Amino acid sequence: MPWCLAPALAVFAVLSVALAVVDVRTHRLPDGILVPGGGIVLVLMAGAAAVTGSPHRLMGLGGGVVAAFVVCLAVHLARPAAFGGGDVKLAAVCGGVLGWVGPEAVASGIALAFVAGGMAGAGAVAAGARGTTLAFGPFLLGATWVRLISGPW
């Protein structure tokens, strides 16, 4: 990992904790935290791409934002009550972060979030907690971190 990526990942770590806690407690991802925090992360990552002279990283960043946003927007449009607009915006930020690694990281990270969320939902149903709502933000964030940590860089 290039040293210049550390500030972006540090901000993303703080943002991840804050958003996960808020989402679990309120089932909302507030724009007041998500939009500026996500913007700072993406700008810092773009700066890291410029510092390292890696235009392909910048393209990956943009491609990851768009791909994750489009996929999750489709889910939101299909089930707006179950998958909120905050989840769509958070997916775009996570897609950008994963785009640094590459398109396969974006695809596998977003897919992992849906698998983990589905497993948690199935577990809730099996435990007799039908009708329970789960916050999806922590699954997106957790899957993004799992994918980042698993590399390769």
# chains A, B, ... in the order shown; residues from 1 in each chain; ligands from 1
>>> select_by_dssp(residues="chain A", states="helix (DSSP H, G or I)", output="ChimeraX atom specification")
/A:3-26,31-51,55-78,85-99,103-126,137-150
>>> residues_around(residues="segment 2-8 of chain A", least_positions_apart="5", cutoff="7 Å", atoms="only C-alpha atoms", output="compact mmCIF listing (two decimals) with N, CA, C and O atoms, in the first residue's frame")
# COMPACT_ATOMS: atom_id res chain seq x y z
N VAL A 41 -12.87 11.23 1.51
CA VAL A 41 -12.18 9.97 1.23
C VAL A 41 -11.84 9.86 -0.25
O VAL A 41 -10.70 9.55 -0.63
N LEU A 44 -9.14 12.38 -1.31
CA LEU A 44 -7.82 11.93 -0.84
C LEU A 44 -7.30 10.76 -1.66
O LEU A 44 -6.11 10.67 -1.96
N MET A 45 -8.20 9.86 -2.05
CA MET A 45 -7.76 8.73 -2.88
C MET A 45 -7.35 9.19 -4.28
O MET A 45 -6.38 8.69 -4.84
N ALA A 48 -4.00 10.58 -3.96
CA ALA A 48 -3.00 9.51 -3.85
C ALA A 48 -2.68 8.94 -5.23
O ALA A 48 -1.53 8.62 -5.53
>>> residues_around(residues="segment 60-66 of chain A", least_positions_apart="2", cutoff="9 Å", atoms="only C-alpha atoms", output="list in words")
Leu42, Met45, Ala46, Pro55, His56, Arg57, Leu58, Ala68, Phe69, Val70, Val71, Ala91, Ala92, Val93, Cys94, Gly95, Gly96, Val97, Leu98, Gly99, Trp100, Val101, Gly102, Pro103, Ala105, Val106 and Ala107 of chain A
>>> write_last_selection(atoms="C-alpha atoms", output="CSV table (one decimal), in the first residue's frame")
chain,number,residue,atom,x,y,z
A,42,LEU,CA,-12.6,10.0,-2.5
A,45,MET,CA,-7.8,8.7,-2.9
A,46,ALA,CA,-7.7,10.7,-6.1
A,55,PRO,CA,-4.0,7.2,-13.7
A,56,HIS,CA,-5.4,3.6,-13.8
A,57,ARG,CA,-6.1,3.9,-10.0
A,58,LEU,CA,-8.0,7.1,-10.7
A,68,ALA,CA,-21.5,0.2,-7.2
A,69,PHE,CA,-23.9,3.2,-7.4
A,70,VAL,CA,-25.7,1.7,-10.5
A,71,VAL,CA,-26.0,-1.8,-9.0
A,91,ALA,CA,-22.1,1.8,-1.8
A,92,ALA,CA,-20.8,4.5,-4.2
A,93,VAL,CA,-18.1,5.5,-1.7
A,94,CYS,CA,-17.2,1.9,-0.9
A,95,GLY,CA,-17.1,1.2,-4.7
A,96,GLY,CA,-14.6,4.0,-5.1
A,97,VAL,CA,-12.4,2.8,-2.3
A,98,LEU,CA,-12.5,-0.7,-3.7
A,99,GLY,CA,-11.9,0.6,-7.2
A,100,TRP,CA,-8.3,1.5,-6.1
A,101,VAL,CA,-7.7,-2.2,-5.9
A,102,GLY,CA,-9.5,-3.0,-9.2
A,103,PRO,CA,-12.8,-4.0,-10.8
A,105,ALA,CA,-12.5,-5.9,-5.8
A,106,VAL,CA,-15.5,-3.7,-6.5
A,107,ALA,CA,-17.6,-6.7,-7.7
>>> residues_around(residues="Gly118 of chain A", least_positions_apart="4", cutoff="12 Å", atoms="only C-alpha atoms", output="mmCIF file with C-alpha atoms, in the first residue's frame")
data_model
loop_
_atom_site.group_PDB
_atom_site.id
_atom_site.type_symbol
_atom_site.label_atom_id
_atom_site.label_comp_id
_atom_site.auth_asym_id
_atom_site.auth_seq_id
_atom_site.Cartn_x
_atom_site.Cartn_y
_atom_site.Cartn_z
ATOM 1 C CA ALA A 111 -21.278 -9.111 -3.589
ATOM 2 C CA LEU A 112 -19.813 -10.023 -0.188
ATOM 3 C CA ALA A 113 -21.938 -7.311 1.449
ATOM 4 C CA PHE A 114 -25.094 -8.770 -0.078
ATOM 5 C CA ALA A 122 -31.756 -15.678 7.057
ATOM 6 C CA GLY A 123 -30.363 -16.085 10.558
ATOM 7 C CA ALA A 124 -32.898 -13.600 11.915
ATOM 8 C CA VAL A 125 -35.739 -15.473 10.226
ATOM 9 C CA THR A 133 -35.047 -4.932 9.830
ATOM 10 C CA LEU A 134 -31.289 -5.011 9.446
ATOM 11 C CA ALA A 135 -29.083 -2.018 8.797
ATOM 12 C CA PHE A 136 -27.192 -2.706 5.552
ATOM 13 C CA PHE A 139 -22.420 -5.017 5.844
ATOM 14 C CA LEU A 140 -21.223 -2.701 3.060
#
>>> atom_distance(atom1="atom CA of Val24 of chain A", atom2="atom CA of Val146 of chain A")
19.1 Å
>>> closest_residue(among="A:Ala127, A:Glu104, A:Gly117, A:Leu77", to="Pro152 of chain A", atoms="only C-alpha atoms")
A:Glu104
>>> atom_distance(atom1="atom CA of Pro30 of chain A", atom2="atom CA of Ala143 of chain A")
20.1 Å
>>> atom_distance(atom1="atom CA of Ala116 of chain A", atom2="atom CA of Gly86 of chain A")
18.4 Å
>>> residues_around(residues="Leu73 of chain A", least_positions_apart="6", cutoff="10 Å", atoms="only C-alpha atoms", output="VMD selection string")
chain A and resid 67 79 to 80 83 to 85 87 to 89 91 to 92
